[in-house]
Amino acid sequence: MVNHRLLDVILDEEKLYLIFEFLPFDLNSYFHKQGRDKIVSVDKKKKMFYQIVKAVAFLHSKAILHRDLKPQNILVNESGDIKVADFGLARQYTIPIKIYTHEIVTVWYRAPEILLGAKEYATSIDTWSLGCIFAELFNNEPLFPGDSEIGQLYKIFQVLGTPSEDQWKGVTKLKEYKDIFPKWRSKDLGLICPALDDNGIDLLKKMLAYDPIKRISAKDALKHLYFKDIID
């Protein structure tokens, strides 16, 4: 699902109120509650993440960038049904790509091209956020918990390696790229996210590809082998 079911619309003087169905949890609070009661199975987490990816693919099919995907904006009911919410930063996108503000997305889920000052971006920024949520869902902690924009970049570089022109054509031309960045080597994502199987790690790598052009789309992610048992 993408958003809440609209139950009522109330107009009061100059204010408009939209009344939606109530969902008791966001993604984080759902797992905190479940953790007190029982362990959430890998299969259930996979089905929940599939719902999230499907919702984002639907948004992209309607030419909408969410631009603020994070666990707090993914709502959950008692049964584990997912609804993506909070479209305050969402924008429609067009071809050719317009120039957008870079002040989007909570920093932990912000794509590196935005952190490096890119003014043009597309649906791949949402895919990056999905990758961060994917890892957090199975690790039970954020993948890149930076405390500032430069701190966020360094958290990313320490896991994925400092990007080069070979990996990402044009990265050194971005406004905030610095030649003095420390040169980290990439780590094995299988060791970073041990709860994911080989197909899960492959999907995560494709979602966290540095080059936005090479990053998997939400639509293609739904067809990935990782979700084969759900699709079947």
# chains A, B, ... in the order shown; residues from 1 in each chain; ligands from 1

call {"tool": "closest_atom_pairs", "arguments": {"of": "range 11-113 of chain A", "to": "range 197-216 of chain A", "cutoff": "9 Å", "atoms": "only C-alpha atoms", "output": "tab-separated table"}}
result
residue	atom	partner	partner_atom	distance
A:Ala111	CA	A:Tyr210	CA	8.7
A:Pro112	CA	A:Tyr210	CA	7.3
A:Glu113	CA	A:Pro212	CA	7.7

call {"tool": "select_by_dssp", "arguments": {"residues": "range 1-172 of chain A", "states": "helix (DSSP H, G or I)", "output": "compact mmCIF listing (two decimals) with C-alpha atoms, in the first residue's frame"}}
result
# COMPACT_ATOMS: atom_id res chain seq x y z
CA LEU A 27 8.52 0.45 11.21
CA ASN A 28 10.83 1.05 14.17
CA SER A 29 8.19 0.99 16.88
CA TYR A 30 6.62 -2.13 15.35
CA PHE A 31 9.83 -4.09 15.70
CA HIS A 32 10.52 -2.74 19.17
CA LYS A 33 7.10 -3.97 20.26
CA GLN A 34 7.53 -7.31 18.51
CA GLY A 35 10.95 -7.71 20.06
CA ARG A 36 9.42 -7.68 23.51
CA ASP A 37 6.96 -10.38 22.53
CA VAL A 42 13.15 -13.55 8.28
CA ASP A 43 10.23 -14.45 6.01
CA LYS A 44 8.00 -11.86 7.60
CA LYS A 45 10.67 -9.19 7.29
CA LYS A 46 11.11 -10.12 3.64
CA LYS A 47 7.36 -9.83 2.98
CA MET A 48 7.25 -6.45 4.72
CA PHE A 49 10.18 -5.15 2.72
CA TYR A 50 8.57 -6.42 -0.49
CA GLN A 51 5.51 -4.32 0.36
CA ILE A 52 7.70 -1.25 0.87
CA VAL A 53 9.47 -1.73 -2.46
CA LYS A 54 6.14 -2.33 -4.20
CA ALA A 55 4.74 0.91 -2.77
CA VAL A 56 7.77 2.90 -3.94
CA ALA A 57 7.61 1.29 -7.39
CA PHE A 58 3.98 2.40 -7.59
CA LEU A 59 4.94 5.98 -6.68
CA HIS A 60 7.66 6.01 -9.31
CA SER A 61 5.22 4.67 -11.92
CA PRO A 71 11.45 3.84 8.99
CA GLN A 72 9.49 6.62 10.71
CA ASN A 73 7.57 7.28 7.48
CA VAL A 107 20.66 12.22 6.59
CA TRP A 108 20.99 8.50 7.47
CA TYR A 109 18.98 7.58 4.36
CA PRO A 112 25.54 10.07 -1.80
CA GLU A 113 24.88 12.13 -4.93
CA ILE A 114 22.79 14.51 -2.84
CA LEU A 115 25.39 14.66 -0.08
CA SER A 124 17.42 6.35 -7.69
CA ILE A 125 17.54 8.51 -4.54
CA ASP A 126 14.51 6.61 -3.22
CA THR A 127 16.16 3.32 -4.13
CA TRP A 128 19.20 4.26 -2.04
CA SER A 129 16.91 4.96 0.91
CA LEU A 130 15.29 1.56 0.36
CA GLY A 131 18.70 -0.08 0.56
CA CYS A 132 19.43 1.64 3.88
CA ILE A 133 16.04 0.53 5.24
CA PHE A 134 16.63 -3.01 3.94
CA ALA A 135 19.89 -3.37 5.86
CA GLU A 136 18.41 -1.80 8.99
CA LEU A 137 15.43 -4.13 8.88
CA PHE A 138 17.71 -7.16 9.20
CA ASN A 139 20.52 -5.66 11.29
CA GLU A 149 26.51 15.54 6.06
CA ILE A 150 30.29 15.00 5.99
CA GLY A 151 29.97 12.42 8.78
CA GLN A 152 27.33 10.65 6.71
CA LEU A 153 29.57 10.55 3.67
CA TYR A 154 32.38 9.07 5.75
CA LYS A 155 30.06 6.41 7.20
CA ILE A 156 29.12 5.41 3.64
CA PHE A 157 32.73 5.48 2.41
CA GLN A 158 33.89 3.32 5.33
CA VAL A 159 31.48 0.55 4.26
CA LEU A 160 31.34 0.88 0.47
CA VAL A 171 31.73 11.82 -9.08
CA THR A 172 34.89 13.93 -8.81

call {"tool": "residues_around", "arguments": {"residues": "Tyr17 in chain A", "least_positions_apart": "6", "cutoff": "12 Å", "atoms": "only C-alpha atoms", "output": "NGL selection string"}}
result
:A and (6-11)

call {"tool": "atom_distance", "arguments": {"atom1": "CA of Leu143 in chain A", "atom2": "CA of Leu189 in chain A"}}
result
10.6 Å

call {"tool": "atom_distance", "arguments": {"atom1": "CA of Phe25 in chain A", "atom2": "CA of His224 in chain A"}}
result
28.0 Å

call {"tool": "select_by_dssp", "arguments": {"residues": "chain A", "states": "strand (DSSP E or B)", "output": "number ranges by chain"}}
result
A: 6-12, 15-20, 25-26, 64-65, 74-76, 82-84, 91-92, 99, 120
